[in-house]
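File shown: upload-v5.cif. Contents: mmCIF, N, CA and C atoms.
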data_work
#
loop_
_atom_site.label_atom_id
_atom_site.label_comp_id
_atom_site.auth_asym_id
_atom_site.auth_seq_id
_atom_site.Cartn_x
_atom_site.Cartn_y
_atom_site.Cartn_z
N MET B 625 113.77 84.45 91.69
CA MET B 625 114.42 84.79 92.93
C MET B 625 113.76 84.02 94.06
N GLN B 626 114.55 83.40 94.91
CA GLN B 626 114.02 82.66 96.03
C GLN B 626 114.32 83.40 97.33
N PHE B 627 113.40 83.32 98.25
CA PHE B 627 113.56 83.99 99.52
C PHE B 627 113.34 83.00 100.65
N ASN B 628 113.98 83.25 101.74
CA ASN B 628 113.73 82.52 102.97
C ASN B 628 112.57 83.23 103.65
N GLU B 629 111.57 82.48 104.11
CA GLU B 629 110.39 83.10 104.70
C GLU B 629 110.73 84.06 105.84
N SER B 630 111.78 83.77 106.60
CA SER B 630 112.11 84.63 107.74
C SER B 630 112.53 86.02 107.29
N GLU B 631 113.03 86.17 106.07
CA GLU B 631 113.42 87.49 105.57
C GLU B 631 112.21 88.41 105.44
N PHE B 632 111.05 87.83 105.26
CA PHE B 632 109.84 88.62 105.07
C PHE B 632 109.22 89.06 106.40
N LEU B 633 109.85 88.76 107.51
CA LEU B 633 109.27 89.09 108.80
C LEU B 633 109.76 90.41 109.37
N VAL B 634 110.70 91.07 108.71
CA VAL B 634 111.27 92.30 109.23
C VAL B 634 110.53 93.49 108.62
N GLU B 635 109.79 94.20 109.48
CA GLU B 635 109.01 95.34 109.02
C GLU B 635 109.73 96.65 109.32
N SER B 636 109.71 97.53 108.35
CA SER B 636 110.16 98.91 108.56
C SER B 636 108.91 99.74 108.78
N ILE B 637 108.95 100.57 109.78
CA ILE B 637 107.81 101.42 110.11
C ILE B 637 107.99 102.77 109.43
N VAL B 638 106.98 103.19 108.69
CA VAL B 638 107.00 104.51 108.06
C VAL B 638 106.68 105.53 109.15
N PRO B 639 107.58 106.48 109.42
CA PRO B 639 107.32 107.48 110.47
C PRO B 639 106.06 108.30 110.17
N ASP B 640 105.35 108.65 111.23
CA ASP B 640 104.10 109.40 111.10
C ASP B 640 104.27 110.73 110.38
N ASP B 641 105.43 111.32 110.47
CA ASP B 641 105.64 112.63 109.88
C ASP B 641 106.27 112.58 108.48
N GLU B 642 106.30 111.40 107.88
CA GLU B 642 106.92 111.24 106.57
C GLU B 642 105.88 111.00 105.48
N LEU B 643 106.20 111.45 104.29
CA LEU B 643 105.38 111.24 103.10
C LEU B 643 106.28 110.66 102.02
N ILE B 644 105.92 109.51 101.50
CA ILE B 644 106.69 108.87 100.43
C ILE B 644 106.08 109.35 99.11
N ILE B 645 106.93 109.87 98.24
CA ILE B 645 106.46 110.43 96.97
C ILE B 645 107.23 109.81 95.83
N SER B 646 106.52 109.46 94.77
CA SER B 646 107.19 109.02 93.55
C SER B 646 106.32 109.40 92.35
N ARG B 647 106.98 109.44 91.21
CA ARG B 647 106.31 109.66 89.93
C ARG B 647 106.81 108.59 88.97
N THR B 648 105.92 108.21 88.04
CA THR B 648 106.33 107.24 87.03
C THR B 648 105.90 107.73 85.65
N ASP B 649 106.55 107.17 84.64
CA ASP B 649 106.08 107.42 83.29
C ASP B 649 104.82 106.59 83.09
N LEU B 650 104.25 106.66 81.91
CA LEU B 650 102.99 105.96 81.65
C LEU B 650 103.12 104.44 81.65
N LYS B 651 104.35 103.93 81.61
CA LYS B 651 104.57 102.49 81.66
C LYS B 651 104.88 102.00 83.07
N GLY B 652 104.90 102.93 84.04
CA GLY B 652 105.14 102.54 85.42
C GLY B 652 106.59 102.57 85.85
N ASN B 653 107.48 103.16 85.04
CA ASN B 653 108.89 103.28 85.41
C ASN B 653 109.10 104.55 86.22
N ILE B 654 109.84 104.44 87.30
CA ILE B 654 110.04 105.55 88.22
C ILE B 654 110.85 106.67 87.57
N THR B 655 110.30 107.88 87.60
CA THR B 655 111.00 109.05 87.06
C THR B 655 111.43 110.01 88.17
N TYR B 656 110.80 109.87 89.34
CA TYR B 656 111.14 110.70 90.50
C TYR B 656 110.83 109.90 91.76
N ALA B 657 111.70 110.03 92.75
CA ALA B 657 111.46 109.43 94.06
C ALA B 657 112.06 110.38 95.10
N ASN B 658 111.33 110.61 96.17
CA ASN B 658 111.92 111.46 97.21
C ASN B 658 112.84 110.62 98.10
N GLU B 659 113.63 111.30 98.91
CA GLU B 659 114.60 110.64 99.78
C GLU B 659 113.92 109.67 100.73
N THR B 660 112.71 110.01 101.17
CA THR B 660 111.99 109.12 102.09
C THR B 660 111.70 107.78 101.43
N PHE B 661 111.33 107.79 100.15
CA PHE B 661 111.08 106.55 99.43
C PHE B 661 112.36 105.70 99.41
N ALA B 662 113.48 106.32 99.08
CA ALA B 662 114.75 105.58 99.04
C ALA B 662 115.09 105.03 100.43
N ASP B 663 114.95 105.86 101.45
CA ASP B 663 115.29 105.43 102.81
C ASP B 663 114.42 104.26 103.28
N ILE B 664 113.11 104.39 103.12
CA ILE B 664 112.20 103.35 103.61
C ILE B 664 112.33 102.06 102.81
N SER B 665 112.54 102.16 101.50
CA SER B 665 112.63 100.96 100.66
C SER B 665 114.01 100.31 100.71
N GLY B 666 115.00 101.06 101.20
CA GLY B 666 116.34 100.50 101.29
C GLY B 666 117.15 100.58 100.01
N TYR B 667 116.63 101.26 99.01
CA TYR B 667 117.34 101.41 97.74
C TYR B 667 118.06 102.75 97.69
N GLU B 668 119.12 102.79 96.91
CA GLU B 668 119.76 104.06 96.57
C GLU B 668 118.88 104.72 95.52
N MET B 669 118.91 106.04 95.46
CA MET B 669 118.11 106.76 94.47
C MET B 669 118.42 106.26 93.06
N SER B 670 119.69 106.02 92.78
CA SER B 670 120.10 105.55 91.45
C SER B 670 119.54 104.17 91.12
N GLU B 671 119.18 103.40 92.14
CA GLU B 671 118.61 102.08 91.91
C GLU B 671 117.10 102.15 91.64
N LEU B 672 116.49 103.28 91.96
CA LEU B 672 115.04 103.44 91.77
C LEU B 672 114.70 104.11 90.44
N ILE B 673 115.40 105.19 90.12
CA ILE B 673 115.07 105.96 88.91
C ILE B 673 115.27 105.09 87.66
N GLY B 674 114.21 105.05 86.83
CA GLY B 674 114.25 104.26 85.60
C GLY B 674 113.78 102.83 85.77
N LYS B 675 113.60 102.39 87.00
CA LYS B 675 113.16 101.02 87.26
C LYS B 675 111.64 100.97 87.37
N PRO B 676 111.04 99.81 87.08
CA PRO B 676 109.59 99.67 87.25
C PRO B 676 109.21 99.87 88.72
N HIS B 677 108.10 100.56 88.96
CA HIS B 677 107.65 100.78 90.32
C HIS B 677 107.35 99.46 91.03
N ASN B 678 107.00 98.44 90.25
CA ASN B 678 106.69 97.16 90.88
C ASN B 678 107.94 96.45 91.42
N THR B 679 109.10 97.10 91.33
CA THR B 679 110.31 96.60 91.98
C THR B 679 110.05 96.42 93.47
N VAL B 680 109.19 97.27 94.04
CA VAL B 680 108.91 97.20 95.47
C VAL B 680 107.61 96.44 95.77
N ARG B 681 107.08 95.73 94.81
CA ARG B 681 105.85 94.97 95.04
C ARG B 681 106.14 93.75 95.90
N HIS B 682 105.44 93.66 97.00
CA HIS B 682 105.60 92.51 97.90
C HIS B 682 104.81 91.33 97.36
N PRO B 683 105.35 90.11 97.47
CA PRO B 683 104.63 88.94 96.95
C PRO B 683 103.31 88.65 97.68
N ASP B 684 103.08 89.25 98.84
CA ASP B 684 101.80 89.08 99.53
C ASP B 684 100.67 89.86 98.86
N MET B 685 101.00 90.80 97.99
CA MET B 685 99.98 91.62 97.36
C MET B 685 99.25 90.85 96.26
N PRO B 686 97.93 90.79 96.34
CA PRO B 686 97.15 90.11 95.29
C PRO B 686 97.27 90.87 93.96
N SER B 687 97.39 90.14 92.88
CA SER B 687 97.50 90.78 91.56
C SER B 687 96.24 91.58 91.23
N SER B 688 95.09 91.17 91.79
CA SER B 688 93.84 91.88 91.50
C SER B 688 93.86 93.32 92.01
N ILE B 689 94.62 93.59 93.06
CA ILE B 689 94.72 94.97 93.57
C ILE B 689 95.33 95.86 92.50
N PHE B 690 96.39 95.39 91.86
CA PHE B 690 97.07 96.21 90.85
C PHE B 690 96.28 96.27 89.55
N LYS B 691 95.51 95.22 89.28
CA LYS B 691 94.62 95.26 88.11
C LYS B 691 93.59 96.37 88.31
N THR B 692 93.02 96.45 89.50
CA THR B 692 92.05 97.50 89.82
C THR B 692 92.70 98.87 89.78
N LEU B 693 93.92 98.98 90.32
CA LEU B 693 94.64 100.25 90.30
C LEU B 693 94.78 100.76 88.88
N TRP B 694 95.28 99.90 87.97
CA TRP B 694 95.49 100.33 86.58
C TRP B 694 94.18 100.64 85.87
N GLU B 695 93.13 99.86 86.13
CA GLU B 695 91.83 100.15 85.51
C GLU B 695 91.31 101.51 85.98
N THR B 696 91.46 101.80 87.26
CA THR B 696 91.02 103.07 87.83
C THR B 696 91.76 104.23 87.18
N LEU B 697 93.09 104.10 87.08
CA LEU B 697 93.90 105.16 86.47
C LEU B 697 93.56 105.34 85.00
N GLN B 698 93.35 104.25 84.29
CA GLN B 698 93.03 104.34 82.86
C GLN B 698 91.67 104.98 82.63
N ASN B 699 90.82 104.96 83.66
CA ASN B 699 89.52 105.63 83.57
C ASN B 699 89.61 107.08 84.04
N GLY B 700 90.84 107.56 84.25
CA GLY B 700 91.04 108.96 84.62
C GLY B 700 90.71 109.28 86.06
N LYS B 701 90.64 108.26 86.90
CA LYS B 701 90.29 108.47 88.31
C LYS B 701 91.49 108.22 89.22
N GLN B 702 91.36 108.69 90.44
CA GLN B 702 92.38 108.49 91.47
C GLN B 702 92.13 107.17 92.18
N TRP B 703 93.19 106.43 92.49
CA TRP B 703 93.09 105.17 93.21
C TRP B 703 93.68 105.35 94.60
N THR B 704 93.00 104.82 95.61
CA THR B 704 93.50 104.84 96.98
C THR B 704 93.41 103.43 97.54
N GLY B 705 94.46 102.98 98.21
CA GLY B 705 94.44 101.65 98.79
C GLY B 705 95.61 101.42 99.72
N ILE B 706 95.54 100.31 100.42
CA ILE B 706 96.60 99.89 101.34
C ILE B 706 97.54 98.97 100.58
N VAL B 707 98.84 99.23 100.70
CA VAL B 707 99.84 98.46 99.96
C VAL B 707 100.95 98.00 100.89
N LYS B 708 101.31 96.74 100.73
CA LYS B 708 102.49 96.20 101.41
C LYS B 708 103.61 96.17 100.38
N ASN B 709 104.70 96.85 100.69
CA ASN B 709 105.83 96.94 99.75
C ASN B 709 107.02 96.14 100.25
N LEU B 710 107.83 95.70 99.30
CA LEU B 710 109.02 94.91 99.56
C LEU B 710 110.25 95.81 99.57
N ARG B 711 111.03 95.72 100.64
CA ARG B 711 112.29 96.45 100.71
C ARG B 711 113.38 95.70 99.95
N LYS B 712 114.45 96.39 99.65
CA LYS B 712 115.58 95.77 98.96
C LYS B 712 116.13 94.60 99.77
N ASP B 713 116.14 94.73 101.11
CA ASP B 713 116.68 93.68 101.98
C ASP B 713 115.67 92.58 102.27
N LYS B 714 114.56 92.55 101.57
CA LYS B 714 113.47 91.57 101.66
C LYS B 714 112.54 91.82 102.84
N GLY B 715 112.77 92.88 103.60
CA GLY B 715 111.83 93.28 104.62
C GLY B 715 110.62 93.92 103.94
N PHE B 716 109.76 94.55 104.71
CA PHE B 716 108.56 95.13 104.12
C PHE B 716 108.15 96.38 104.88
N TYR B 717 107.24 97.13 104.26
CA TYR B 717 106.62 98.28 104.91
C TYR B 717 105.22 98.47 104.32
N TRP B 718 104.31 98.94 105.16
CA TRP B 718 102.92 99.16 104.77
C TRP B 718 102.65 100.65 104.59
N VAL B 719 101.82 100.97 103.63
CA VAL B 719 101.44 102.37 103.39
C VAL B 719 100.00 102.46 102.86
N LYS B 720 99.44 103.63 103.02
CA LYS B 720 98.22 103.99 102.30
C LYS B 720 98.72 104.75 101.08
N ALA B 721 98.34 104.29 99.91
CA ALA B 721 98.79 104.91 98.66
C ALA B 721 97.65 105.64 97.98
N ILE B 722 97.96 106.81 97.48
CA ILE B 722 97.04 107.58 96.66
C ILE B 722 97.75 107.79 95.33
N VAL B 723 97.20 107.22 94.27
CA VAL B 723 97.83 107.26 92.95
C VAL B 723 96.89 107.95 91.99
N SER B 724 97.44 108.88 91.21
CA SER B 724 96.61 109.60 90.24
C SER B 724 97.45 110.01 89.03
N GLY B 725 96.74 110.35 87.99
CA GLY B 725 97.40 110.82 86.78
C GLY B 725 97.81 112.27 86.92
N VAL B 726 98.85 112.62 86.17
CA VAL B 726 99.30 114.01 86.08
C VAL B 726 99.03 114.45 84.64
N TYR B 727 98.29 115.54 84.51
CA TYR B 727 97.87 116.01 83.19
C TYR B 727 98.50 117.36 82.86
N LYS B 728 98.90 117.52 81.62
CA LYS B 728 99.38 118.81 81.12
C LYS B 728 98.59 119.11 79.85
N ASN B 729 97.95 120.27 79.85
CA ASN B 729 97.10 120.66 78.72
C ASN B 729 96.08 119.58 78.39
N GLY B 730 95.53 118.96 79.43
CA GLY B 730 94.50 117.94 79.25
C GLY B 730 95.00 116.58 78.83
N GLU B 731 96.31 116.41 78.72
CA GLU B 731 96.88 115.13 78.29
C GLU B 731 97.60 114.46 79.46
N LEU B 732 97.33 113.17 79.65
CA LEU B 732 97.99 112.39 80.68
C LEU B 732 99.47 112.25 80.33
N VAL B 733 100.35 112.68 81.24
CA VAL B 733 101.78 112.62 80.95
C VAL B 733 102.55 111.72 81.91
N GLU B 734 102.03 111.50 83.12
CA GLU B 734 102.69 110.64 84.09
C GLU B 734 101.74 110.32 85.23
N TYR B 735 102.22 109.51 86.17
CA TYR B 735 101.45 109.18 87.37
C TYR B 735 102.24 109.62 88.59
N LYS B 736 101.50 109.99 89.63
CA LYS B 736 102.15 110.33 90.90
C LYS B 736 101.53 109.47 92.00
N SER B 737 102.36 109.18 92.99
CA SER B 737 101.91 108.37 94.11
C SER B 737 102.39 109.02 95.40
N LEU B 738 101.44 109.22 96.30
CA LEU B 738 101.72 109.74 97.63
C LEU B 738 101.38 108.62 98.61
N ARG B 739 102.32 108.32 99.53
CA ARG B 739 102.10 107.21 100.44
C ARG B 739 102.36 107.66 101.88
N THR B 740 101.46 107.25 102.76
CA THR B 740 101.51 107.64 104.16
C THR B 740 101.43 106.39 105.04
N PRO B 741 101.84 106.52 106.31
CA PRO B 741 101.77 105.37 107.22
C PRO B 741 100.33 104.99 107.55
N ILE B 742 100.17 103.75 108.00
CA ILE B 742 98.86 103.26 108.45
C ILE B 742 99.02 102.66 109.84
N THR B 743 97.90 102.39 110.48
CA THR B 743 97.92 101.83 111.83
C THR B 743 98.18 100.33 111.81
N TYR B 744 98.54 99.82 112.96
CA TYR B 744 98.74 98.38 113.13
C TYR B 744 97.46 97.62 112.79
N GLU B 745 96.34 98.12 113.24
CA GLU B 745 95.05 97.46 112.97
C GLU B 745 94.75 97.42 111.47
N GLU B 746 95.07 98.50 110.76
CA GLU B 746 94.86 98.53 109.30
C GLU B 746 95.76 97.50 108.61
N LYS B 747 96.98 97.35 109.11
CA LYS B 747 97.91 96.36 108.54
C LYS B 747 97.35 94.94 108.72
N LEU B 748 96.89 94.64 109.94
CA LEU B 748 96.34 93.30 110.20
C LEU B 748 95.14 93.00 109.32
N GLU B 749 94.23 93.96 109.22
CA GLU B 749 93.04 93.77 108.40
C GLU B 749 93.41 93.57 106.93
N ALA B 750 94.33 94.40 106.44
CA ALA B 750 94.75 94.28 105.04
C ALA B 750 95.41 92.94 104.78
N GLN B 751 96.30 92.51 105.68
CA GLN B 751 96.99 91.23 105.47
C GLN B 751 95.99 90.09 105.41
N LYS B 752 95.01 90.09 106.31
CA LYS B 752 93.98 89.04 106.30
C LYS B 752 93.19 89.08 104.99
N ASN B 753 92.79 90.27 104.57
CA ASN B 753 92.04 90.40 103.31
C ASN B 753 92.87 89.96 102.11
N TYR B 754 94.13 90.33 102.09
CA TYR B 754 94.99 89.98 100.95
C TYR B 754 95.26 88.48 100.91
N ASP B 755 95.45 87.86 102.08
CA ASP B 755 95.63 86.41 102.11
C ASP B 755 94.38 85.72 101.55
N LYS B 756 93.21 86.20 101.95
CA LYS B 756 91.96 85.63 101.47
C LYS B 756 91.82 85.82 99.95
N MET B 757 92.13 87.01 99.47
CA MET B 757 92.03 87.29 98.03
C MET B 757 92.99 86.40 97.23
N ARG B 758 94.21 86.24 97.72
CA ARG B 758 95.19 85.42 97.00
C ARG B 758 94.73 83.96 96.97
N LEU B 759 94.16 83.49 98.06
CA LEU B 759 93.65 82.12 98.12
C LEU B 759 92.49 81.94 97.14
N GLU B 760 91.55 82.88 97.14
CA GLU B 760 90.40 82.82 96.24
C GLU B 760 90.79 82.89 94.77
N ASN B 761 91.91 83.57 94.47
CA ASN B 761 92.37 83.72 93.09
C ASN B 761 93.43 82.68 92.71
N ASN B 762 93.56 81.66 93.56
CA ASN B 762 94.55 80.60 93.32
C ASN B 762 95.97 81.13 93.16
N GLU B 763 96.27 82.20 93.88
CA GLU B 763 97.63 82.73 93.88
C GLU B 763 98.35 82.13 95.08
N LYS B 764 99.64 81.99 94.93
CA LYS B 764 100.45 81.43 96.01
C LYS B 764 100.31 82.29 97.25
N ILE B 765 100.11 81.64 98.38
CA ILE B 765 100.05 82.38 99.64
C ILE B 765 101.29 82.02 100.45
N ARG B 766 101.66 82.94 101.31
CA ARG B 766 102.88 82.73 102.10
C ARG B 766 102.63 81.68 103.17
N THR B 767 103.68 80.97 103.47
CA THR B 767 103.62 79.97 104.52
C THR B 767 104.80 80.21 105.44
N ILE B 768 104.52 80.34 106.71
CA ILE B 768 105.59 80.52 107.70
C ILE B 768 105.51 79.37 108.66
N PHE B 769 106.62 78.71 108.84
CA PHE B 769 106.66 77.55 109.72
C PHE B 769 107.20 77.95 111.08
N TYR B 770 106.55 77.47 112.11
CA TYR B 770 107.00 77.71 113.48
C TYR B 770 107.46 76.39 114.08
N LYS B 771 108.49 76.44 114.87
CA LYS B 771 109.00 75.22 115.51
C LYS B 771 108.61 75.21 116.95
#
Can you give me the file's structure in the form of structure tokens?
Amino acid sequence: MQFNESEFLVESIVPDDELIISRTDLKGNITYANETFADISGYEMSELIGKPHNTVRHPDMPSSIFKTLWETLQNGKQWTGIVKNLRKDKGFYWVKAIVSGVYKNGELVEYKSLRTPITYEEKLEAQKNYDKMRLENNEKIRTIFYK
């Protein structure tokens, strides 16, 4: 899929009073999404359920962040981090994500993710860090041309 760089410049702001909630199976496929997730991501609920959660992964996100997330979850721990997500319309939104396992009778059965808004300063710091990480890991970094 190819994108025009300008499509990535439209940010959706997560309202301060909203909480984005989703659940996935153990393979990362969405089994539940609240209306706020659908609204902010620009997808219909039917387009989210059953799809991989990484459908909303923004290309600015370093792969090492998700490697750490999965390692943390596989060790039975909760992961917290700043995430830039991709909207269906190619815009984006930033959140603080808290991801953890859901256990029944001591057995891991699914994952849940709670996401909340972050400040402008947190977004700037995260973007700078992620650009640096992608560069250090020889991952493609975004380029925006100004005239």
*Which residues come within 6 Å of Ser724 of chain B, counting only C-alpha atoms, excluding same-chain residues fewer than 4 positions away, as a ChimeraX atom specification?*
/B:702,735-736
Export N, CA and C atoms of the chosen residues as a CSV table (one decimal), keeping the file's coordinate frame?
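Generated file (result-v4.csv):
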chain,number,residue,atom,x,y,z
B,702,GLN,N,91.4,108.7,90.4
B,702,GLN,CA,92.4,108.5,91.5
B,702,GLN,C,92.1,107.2,92.2
B,735,TYR,N,102.2,109.5,86.2
B,735,TYR,CA,101.4,109.2,87.4
B,735,TYR,C,102.2,109.6,88.6
B,736,LYS,N,101.5,110.0,89.6
B,736,LYS,CA,102.2,110.3,90.9
B,736,LYS,C,101.5,109.5,92.0
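Atom N of Asp649 of chain B is found 17.4 Å from atom C of Asn729 of chain B.
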*Surrounding residues of Phe716 of chain B excluding itself and chain neighbours under 6 positions, 7 Å, all atoms listed in the file, as a ChimeraX atom specification*: /B:631-637,708-710
*For Trp718 of chain B, please output as a PyMOL selection string all residues within 10 Å (counting only C-alpha atoms; exclusion window: fewer than 4 positions along the same chain).*
chain B and resi 635-638+682+706-710+739-744+746-747+750-751
Since we have the selection now, will you write its residues out, keeping N, CA and C atoms, as an mmCIF file, in the frame of the given file?
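This went into result.cif:
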data_model
loop_
_atom_site.group_PDB
_atom_site.id
_atom_site.type_symbol
_atom_site.label_atom_id
_atom_site.label_comp_id
_atom_site.auth_asym_id
_atom_site.auth_seq_id
_atom_site.Cartn_x
_atom_site.Cartn_y
_atom_site.Cartn_z
ATOM 1 N N GLU B 635 109.790 94.200 109.480
ATOM 2 C CA GLU B 635 109.010 95.340 109.020
ATOM 3 C C GLU B 635 109.730 96.650 109.320
ATOM 4 N N SER B 636 109.710 97.530 108.350
ATOM 5 C CA SER B 636 110.160 98.910 108.560
ATOM 6 C C SER B 636 108.910 99.740 108.780
ATOM 7 N N ILE B 637 108.950 100.570 109.780
ATOM 8 C CA ILE B 637 107.810 101.420 110.110
ATOM 9 C C ILE B 637 107.990 102.770 109.430
ATOM 10 N N VAL B 638 106.980 103.190 108.690
ATOM 11 C CA VAL B 638 107.000 104.510 108.060
ATOM 12 C C VAL B 638 106.680 105.530 109.150
ATOM 13 N N HIS B 682 105.440 93.660 97.000
ATOM 14 C CA HIS B 682 105.600 92.510 97.900
ATOM 15 C C HIS B 682 104.810 91.330 97.360
ATOM 16 N N ILE B 706 95.540 100.310 100.420
ATOM 17 C CA ILE B 706 96.600 99.890 101.340
ATOM 18 C C ILE B 706 97.540 98.970 100.580
ATOM 19 N N VAL B 707 98.840 99.230 100.700
ATOM 20 C CA VAL B 707 99.840 98.460 99.960
ATOM 21 C C VAL B 707 100.950 98.000 100.890
ATOM 22 N N LYS B 708 101.310 96.740 100.730
ATOM 23 C CA LYS B 708 102.490 96.200 101.410
ATOM 24 C C LYS B 708 103.610 96.170 100.380
ATOM 25 N N ASN B 709 104.700 96.850 100.690
ATOM 26 C CA ASN B 709 105.830 96.940 99.750
ATOM 27 C C ASN B 709 107.020 96.140 100.250
ATOM 28 N N LEU B 710 107.830 95.700 99.300
ATOM 29 C CA LEU B 710 109.020 94.910 99.560
ATOM 30 C C LEU B 710 110.250 95.810 99.570
ATOM 31 N N ARG B 739 102.320 108.320 99.530
ATOM 32 C CA ARG B 739 102.100 107.210 100.440
ATOM 33 C C ARG B 739 102.360 107.660 101.880
ATOM 34 N N THR B 740 101.460 107.250 102.760
ATOM 35 C CA THR B 740 101.510 107.640 104.160
ATOM 36 C C THR B 740 101.430 106.390 105.040
ATOM 37 N N PRO B 741 101.840 106.520 106.310
ATOM 38 C CA PRO B 741 101.770 105.370 107.220
ATOM 39 C C PRO B 741 100.330 104.990 107.550
ATOM 40 N N ILE B 742 100.170 103.750 108.000
ATOM 41 C CA ILE B 742 98.860 103.260 108.450
ATOM 42 C C ILE B 742 99.020 102.660 109.840
ATOM 43 N N THR B 743 97.900 102.390 110.480
ATOM 44 C CA THR B 743 97.920 101.830 111.830
ATOM 45 C C THR B 743 98.180 100.330 111.810
ATOM 46 N N TYR B 744 98.540 99.820 112.960
ATOM 47 C CA TYR B 744 98.740 98.380 113.130
ATOM 48 C C TYR B 744 97.460 97.620 112.790
ATOM 49 N N GLU B 746 95.070 98.500 110.760
ATOM 50 C CA GLU B 746 94.860 98.530 109.300
ATOM 51 C C GLU B 746 95.760 97.500 108.610
ATOM 52 N N LYS B 747 96.980 97.350 109.110
ATOM 53 C CA LYS B 747 97.910 96.360 108.540
ATOM 54 C C LYS B 747 97.350 94.940 108.720
ATOM 55 N N ALA B 750 94.330 94.400 106.440
ATOM 56 C CA ALA B 750 94.750 94.280 105.040
ATOM 57 C C ALA B 750 95.410 92.940 104.780
ATOM 58 N N GLN B 751 96.300 92.510 105.680
ATOM 59 C CA GLN B 751 96.990 91.230 105.470
ATOM 60 C C GLN B 751 95.990 90.090 105.410
#
*Report as number ranges by chain: the residues of chain B with a DSSP assignment of strand (DSSP E), based on the backbone of this structure.*
B: 644-648, 654-657, 703-710, 716-728, 731-740
